[in-house]
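> Handing you a structure now.
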Amino acid sequence: MEFSLQNEKSKILILILTLIVATILTYYFHFMLNDATIFTHFFYIPIILATLWWQRKGMIIPIILAIILLSSDFISGVNALTSDLFRAMMFLIIGAVVTILSEIIASDEQKIRESEEKFRSVAYSAADGILTADNQGKITYINDSFQEIFKYQPQELIGKEVTILLTENDQKNIRDILENYPRTGDHRLMNRTLESTGIRKDGTEFPLETSIASWKSDGETYFTGIVRDVTERKKMEEKKNELAAIVESSDDAIIGKTLEGTITSWNEGAEHIYGYKEEEILGKSIYQLIPPDHQDDFPILMEKISKGKHVKHYETQRVRKDGEIIDISLTLSPTKNIDGEIKGASSIARDITEKKRTEETLKERENYQQTIFSAIQTGIIVVDVETRKIVDLNDIAAELIGTSKDEIIGKTCHQFICPAEEDQCPILNLNQEVDNSERILINIHGEEIPIIKNVVKITLNGREHLLESFVDITERLKAEEQIKQSLKDKDMLIGEIHHRVKNNLLIITSLLSLQSSYVDDQKSRSLFEESENRTRSMALIHEKLYQSGEAKRIDFEEYIQSLGNELYNTYALNTNLIKLEMDLEKNLILDVDTAIPLGLIFNELFTNSLKHAFPDNRAGTIKVTFHKTGENYVLIVEDDGVGLPEDFKVEESDSFGLRLVDALTQQIDAQEDVDSTQGTSFTITFQEKPV
């Protein structure tokens, strides 16, 4: 058996031995020496040990020793009863005193054990980390939570300096405590909460909160710190601050209210939307913002909130401070107290007045466009570029195709209404421009309908589409064919008329020429010849019209060229003496109503120069100019002959030809200018009349 004072059997053995020794001493002094004096100091050893170990139960030992001592007096006959009674009484008193002191010590030890057990229990179950360090800053204890926070095992930290757990900046505070506490007994950080940055075993840093207290044991000072990882709290604080900033900076109205409708919070967005300042509205009823015809909505919404439900994007109306009614989109969420009970609601209101107006305008515009889309007498089809399927069409298009919209929408346009193969789309594959061009539409019966088609690309809902508009031109083509035939018949008729007029004028010319041959008087013959020339000039115009195929327009440059050469060859007696120059602008087309009078004017002026400008075989030049300047046409007939008399005036002349020129000039609203400073020059300026 292992001997130990903590072992119960060892204690009993010691007491038995001391009792035996006490009995032997009593026997020795009373029976062998017959001496009343006995060495009783040894008796105190078992008494003290028994009462110290077993408290009140140990009082049996002083009682047993007192009985042994007094019994030996009666048995041995030694006359020591009085002194032994005193000794026995001392046994009992010492036993009682030791018992009382032992019980006090045991009670204190129990309290200490209970206190230590409480500390261990608290330290073990605490969510916060607990660390104890001595006055040198060496770690003496850490709890499980501390291990979990810093990721260290106890053997890795016990005996190490506490500063290894802190950043360099925070180590100064700990050193300050350790250096100043022995001298001052206090420190500015003691019994306060300190925020610092901890370092885990893996080197990661995190925010922590520490409360430090000092205590003494066996004359030594210790420091205990309660450490809390506040990473999540810091994140929550950051999130809370972020949310608060969002609330304050939001353009939306964010309002807190009780379930009864009392306003408890008000942001700047609410002030902007509703016009009330925070101090004006806090504590007031939410009904102050609700129009009379919408106040029944609020209790219904609050009933949903009281059941923990959310209300999202509820469109309603509110009234501003200035009385203006505005449209808002309202989102409501329940707010709870610390016990999780719903205490009110938080609302986010967005002013959608402009949005509603825009939507209304867009709706009206959409209805307007849909009305036009349906009512317009042009077929319209919308085709998805990617799928080549018809996504929409109007009634006219459906009517031309010959079936209902439902039967058409969703069909691929190729080989359904368009004759092109799938990979031969004129627009998407062949990159053709379809702009008011004639195309073919296939109806439901497979019949080809001629159409005028226009195609543009548009974007609908982020996808590219083709907007095809077309008009049935079947009747138009028939009408055009009829018109073409009518025009052809008309052209033939007009050509025949010009041909016959020309022939009739030539007959008149021949008759005048024949008649003049029977006239002996030269003056009378000249009149016949002039009439013949005038008739020939008109006949030439009809001949040119007939040859050109035009009904009413003639190339006047070509006409002057022909008529001028014919007159020159007829009247120029000697072409070596009289020269002809022509400066004629090409492609100047005149209406026949202008060309005939102008041809007669040219005939008169040109024949006058040939007949009268160069008498007596005088040499000279006749120049004919015809050109266009801006909107004005200019005909100039000039010569360098003898000129006109100084006092000559066209309007006073008795010449039939010049008077005819004057009359024809007025007929075509032309301006006539005469210059006879160097020969004779006639300038006729006019504008073509609108046809």
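If you're wondering about the labels, chains in the structure tokens are A, B, ... by order shown, residues count from 1 in each chain, ligands from 1 in order shown.
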Could you pull the residues within 10 Å of A:Lys586, counting only C-alpha atoms, minus those fewer than 5 positions along the same chain, as a ChimeraX atom specification?

/A:555-558,626-628

> For N, CA, C and O atoms, I'd like the residues from the last selection saved as a PDB file, in the first residue's frame.


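Written output follows (result25.pdb):
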ATOM      1  N   ASP A 555     -36.410  71.051-130.458  1.00  0.00           N
ATOM      2  CA  ASP A 555     -35.029  71.499-130.277  1.00  0.00           C
ATOM      3  C   ASP A 555     -34.823  72.712-131.181  1.00  0.00           C
ATOM      4  O   ASP A 555     -34.673  72.589-132.402  1.00  0.00           O
ATOM      5  N   PHE A 556     -34.804  73.922-130.562  1.00  0.00           N
ATOM      6  CA  PHE A 556     -34.815  75.142-131.351  1.00  0.00           C
ATOM      7  C   PHE A 556     -33.479  75.402-132.034  1.00  0.00           C
ATOM      8  O   PHE A 556     -33.416  76.036-133.094  1.00  0.00           O
ATOM      9  N   GLU A 557     -32.416  74.935-131.479  1.00  0.00           N
ATOM     10  CA  GLU A 557     -31.088  75.087-132.110  1.00  0.00           C
ATOM     11  C   GLU A 557     -31.060  74.384-133.460  1.00  0.00           C
ATOM     12  O   GLU A 557     -30.586  74.914-134.475  1.00  0.00           O
ATOM     13  N   GLU A 558     -31.611  73.157-133.473  1.00  0.00           N
ATOM     14  CA  GLU A 558     -31.646  72.392-134.727  1.00  0.00           C
ATOM     15  C   GLU A 558     -32.577  73.074-135.741  1.00  0.00           C
ATOM     16  O   GLU A 558     -32.291  73.124-136.949  1.00  0.00           O
ATOM     17  N   PHE A 626     -28.037  82.206-130.355  1.00  0.00           N
ATOM     18  CA  PHE A 626     -29.170  81.758-129.527  1.00  0.00           C
ATOM     19  C   PHE A 626     -28.608  81.001-128.311  1.00  0.00           C
ATOM     20  O   PHE A 626     -27.897  80.005-128.463  1.00  0.00           O
ATOM     21  N   HIS A 627     -28.904  81.524-127.137  1.00  0.00           N
ATOM     22  CA  HIS A 627     -28.368  80.886-125.921  1.00  0.00           C
ATOM     23  C   HIS A 627     -29.293  81.185-124.737  1.00  0.00           C
ATOM     24  O   HIS A 627     -30.234  81.995-124.838  1.00  0.00           O
ATOM     25  N   LYS A 628     -28.971  80.549-123.615  1.00  0.00           N
ATOM     26  CA  LYS A 628     -29.774  80.726-122.399  1.00  0.00           C
ATOM     27  C   LYS A 628     -28.889  81.251-121.289  1.00  0.00           C
ATOM     28  O   LYS A 628     -27.810  80.700-121.013  1.00  0.00           O
TER      29      LYS A 628
END

> Taking the backbone alone, and naming residues the way the document does, which bits of stretch 49-166 of chain A are strand (DSSP E) by DSSP, as a list of chain:residue names?

A:Gly129, A:Ile130, A:Leu131, A:Thr132, A:Ala133, A:Asp134, A:Ile139, A:Thr140, A:Tyr141, A:Ile142

> If we count only C-alpha atoms and set the cut-off at 10 Å, which residues sit around A:Phe91, ignoring sequence neighbours fewer than 5 positions away in its own chain? Please answer as a PyMOL selection string.

chain A and resi 40-41+43-44+47-48+59+61-66+85-86+96

> For stretch 285-295 of chain A, please output as a short mmCIF file (atom, residue, chain, number, x, y, z; two decimals) with all heavy atoms, in the first residue's frame all residues within 6 Å (counting only C-alpha atoms; exclusion window: fewer than 3 positions along the same chain).


data_model
loop_
_atom_site.label_atom_id
_atom_site.label_comp_id
_atom_site.auth_asym_id
_atom_site.auth_seq_id
_atom_site.Cartn_x
_atom_site.Cartn_y
_atom_site.Cartn_z
N GLY A 261 -49.22 54.24 -37.62
CA GLY A 261 -49.01 55.26 -38.63
C GLY A 261 -48.27 56.48 -38.16
O GLY A 261 -48.18 57.48 -38.89
N THR A 262 -47.70 56.46 -36.97
CA THR A 262 -46.92 57.60 -36.48
C THR A 262 -45.53 57.56 -37.11
O THR A 262 -44.84 56.54 -37.04
CB THR A 262 -46.80 57.57 -34.95
OG1 THR A 262 -48.11 57.59 -34.38
CG2 THR A 262 -46.01 58.78 -34.46
N PHE A 298 -54.21 52.28 -46.25
CA PHE A 298 -53.15 52.15 -45.25
C PHE A 298 -53.45 51.04 -44.23
O PHE A 298 -52.56 50.22 -43.94
CB PHE A 298 -52.92 53.48 -44.55
CG PHE A 298 -51.79 53.45 -43.56
CD1 PHE A 298 -50.48 53.41 -44.00
CD2 PHE A 298 -52.03 53.43 -42.20
CE1 PHE A 298 -49.43 53.36 -43.09
CE2 PHE A 298 -51.00 53.38 -41.29
CZ PHE A 298 -49.69 53.35 -41.74
N ARG A 318 -49.83 60.04 -53.20
CA ARG A 318 -49.58 60.77 -51.97
C ARG A 318 -49.74 62.26 -52.25
O ARG A 318 -49.75 62.70 -53.41
CB ARG A 318 -48.17 60.48 -51.43
CG ARG A 318 -48.00 59.06 -50.88
CD ARG A 318 -48.81 58.83 -49.64
NE ARG A 318 -48.64 57.51 -49.08
CZ ARG A 318 -49.45 56.49 -49.29
NH1 ARG A 318 -50.50 56.65 -50.10
NH2 ARG A 318 -49.24 55.33 -48.73
N VAL A 319 -49.84 63.03 -51.17
CA VAL A 319 -50.03 64.47 -51.32
C VAL A 319 -48.83 65.19 -50.71
O VAL A 319 -48.39 64.88 -49.60
CB VAL A 319 -51.35 64.94 -50.66
CG1 VAL A 319 -51.40 64.57 -49.19
CG2 VAL A 319 -51.56 66.44 -50.85
#

> Hey, which bits of stretch 218-244 of chain A sit within 7 Å of stretch 123-143 of chain A, and for each residue what's the closest pair of atoms and how far apart in Å (one decimal), counting only C-alpha atoms, rows by chain and increasing number, as CSV?


residue,atom,partner,partner_atom,distance
A:Thr221,CA,A:Asn135,CA,5.7
A:Tyr222,CA,A:Asp134,CA,4.5
A:Phe223,CA,A:Ala133,CA,5.2
A:Thr224,CA,A:Thr132,CA,4.3
A:Gly225,CA,A:Leu131,CA,5.3
A:Ile226,CA,A:Ile130,CA,4.7
A:Val227,CA,A:Gly129,CA,4.7
A:Arg228,CA,A:Asp128,CA,5.1

> Would you put the residues from that selection into a file with all heavy atoms, as an mmCIF file, in the first residue's frame?


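Saved file selection.cif follows:
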data_model
loop_
_atom_site.group_PDB
_atom_site.id
_atom_site.type_symbol
_atom_site.label_atom_id
_atom_site.label_comp_id
_atom_site.auth_asym_id
_atom_site.auth_seq_id
_atom_site.Cartn_x
_atom_site.Cartn_y
_atom_site.Cartn_z
ATOM 1 N N THR A 221 1.067 40.004 -8.483
ATOM 2 C CA THR A 221 0.032 40.692 -9.264
ATOM 3 C C THR A 221 -0.170 39.978 -10.595
ATOM 4 O O THR A 221 0.792 39.623 -11.277
ATOM 5 C CB THR A 221 0.424 42.149 -9.529
ATOM 6 O OG1 THR A 221 0.584 42.829 -8.281
ATOM 7 C CG2 THR A 221 -0.652 42.864 -10.345
ATOM 8 N N TYR A 222 -1.445 39.767 -10.929
ATOM 9 C CA TYR A 222 -1.804 39.140 -12.191
ATOM 10 C C TYR A 222 -2.781 40.045 -12.944
ATOM 11 O O TYR A 222 -3.495 40.840 -12.345
ATOM 12 C CB TYR A 222 -2.436 37.761 -11.962
ATOM 13 C CG TYR A 222 -1.471 36.733 -11.420
ATOM 14 C CD1 TYR A 222 -1.293 36.593 -10.038
ATOM 15 C CD2 TYR A 222 -0.738 35.913 -12.273
ATOM 16 C CE1 TYR A 222 -0.410 35.657 -9.526
ATOM 17 C CE2 TYR A 222 0.140 34.967 -11.766
ATOM 18 C CZ TYR A 222 0.308 34.848 -10.394
ATOM 19 O OH TYR A 222 1.179 33.930 -9.904
ATOM 20 N N PHE A 223 -2.778 39.878 -14.257
ATOM 21 C CA PHE A 223 -3.709 40.633 -15.117
ATOM 22 C C PHE A 223 -4.573 39.638 -15.895
ATOM 23 O O PHE A 223 -4.035 38.688 -16.486
ATOM 24 C CB PHE A 223 -2.949 41.520 -16.108
ATOM 25 C CG PHE A 223 -2.062 42.530 -15.441
ATOM 26 C CD1 PHE A 223 -0.715 42.256 -15.199
ATOM 27 C CD2 PHE A 223 -2.579 43.750 -15.049
ATOM 28 C CE1 PHE A 223 0.090 43.185 -14.594
ATOM 29 C CE2 PHE A 223 -1.761 44.684 -14.448
ATOM 30 C CZ PHE A 223 -0.429 44.414 -14.207
ATOM 31 N N THR A 224 -5.845 39.862 -15.858
ATOM 32 C CA THR A 224 -6.770 39.025 -16.626
ATOM 33 C C THR A 224 -7.464 39.894 -17.670
ATOM 34 O O THR A 224 -8.011 40.958 -17.337
ATOM 35 C CB THR A 224 -7.809 38.363 -15.721
ATOM 36 O OG1 THR A 224 -7.140 37.454 -14.834
ATOM 37 C CG2 THR A 224 -8.840 37.583 -16.557
ATOM 38 N N GLY A 225 -7.418 39.434 -18.875
ATOM 39 C CA GLY A 225 -8.076 40.154 -19.969
ATOM 40 C C GLY A 225 -9.183 39.315 -20.596
ATOM 41 O O GLY A 225 -8.991 38.127 -20.836
ATOM 42 N N ILE A 226 -10.314 39.925 -20.786
ATOM 43 C CA ILE A 226 -11.418 39.269 -21.500
ATOM 44 C C ILE A 226 -11.398 39.805 -22.932
ATOM 45 O O ILE A 226 -11.557 41.005 -23.159
ATOM 46 C CB ILE A 226 -12.765 39.549 -20.825
ATOM 47 C CG1 ILE A 226 -12.752 38.984 -19.396
ATOM 48 C CG2 ILE A 226 -13.903 38.933 -21.633
ATOM 49 C CD1 ILE A 226 -14.007 39.277 -18.626
ATOM 50 N N VAL A 227 -11.187 38.900 -23.874
ATOM 51 C CA VAL A 227 -10.957 39.274 -25.271
ATOM 52 C C VAL A 227 -12.159 38.849 -26.113
ATOM 53 O O VAL A 227 -12.630 37.705 -25.997
ATOM 54 C CB VAL A 227 -9.663 38.614 -25.807
ATOM 55 C CG1 VAL A 227 -9.447 38.979 -27.273
ATOM 56 C CG2 VAL A 227 -8.464 39.054 -24.963
ATOM 57 N N ARG A 228 -12.604 39.756 -26.959
ATOM 58 C CA ARG A 228 -13.754 39.455 -27.821
ATOM 59 C C ARG A 228 -13.388 39.785 -29.276
ATOM 60 O O ARG A 228 -12.947 40.888 -29.575
ATOM 61 C CB ARG A 228 -14.967 40.271 -27.389
ATOM 62 C CG ARG A 228 -16.195 40.073 -28.277
ATOM 63 C CD ARG A 228 -17.395 40.769 -27.684
ATOM 64 N NE ARG A 228 -17.733 40.187 -26.401
ATOM 65 C CZ ARG A 228 -18.643 40.697 -25.563
ATOM 66 N NH1 ARG A 228 -19.259 41.819 -25.888
ATOM 67 N NH2 ARG A 228 -18.906 40.110 -24.419
#

> Which residues come within 12 Å of A:Leu664, counting only C-alpha atoms, excluding same-chain residues fewer than 4 positions away, as JSON, numbers by chain?

{"A": [593, 594, 595, 596, 597, 598, 599, 600, 601, 602, 603, 604, 657, 658, 659, 660, 668, 669, 670, 671, 672, 684, 686]}

> Residues near A:Arg320, anyone? I mean within 9 Å using only C-alpha atoms, not counting same-chain ones fewer than 6 positions away, as a ChimeraX atom specification.

/A:273-276,289-290,326

> Just want the 12 Å neighbourhood of A:Val674, counted on only C-alpha atoms, with same-chain residues fewer than 5 positions away dropped. Output as a list in words.

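Residues meeting the cut-off are Leu605, Ile636, Val637, Glu638, Asp639, Gly643, Leu644, Glu646, Phe648, Lys649, Val650, Glu651, Leu658, Val661, Asp662, Gly679, Thr680, Ser681, Phe682, Thr683, Ile684 and Thr685 of chain A.
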
> Just list as number ranges by chain whatever in stretch 366-478 of chain A DSSP marks as alpha helix (DSSP H).

A: 366-375, 395-401, 405-408, 474-478

> Quick one: of A:Glu468, A:Asp144, A:Glu303, A:Asp583, who's nearest to A:Leu635, counting only C-alpha atoms?

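Closest residue, counting only C-alpha atoms: A:Asp583.
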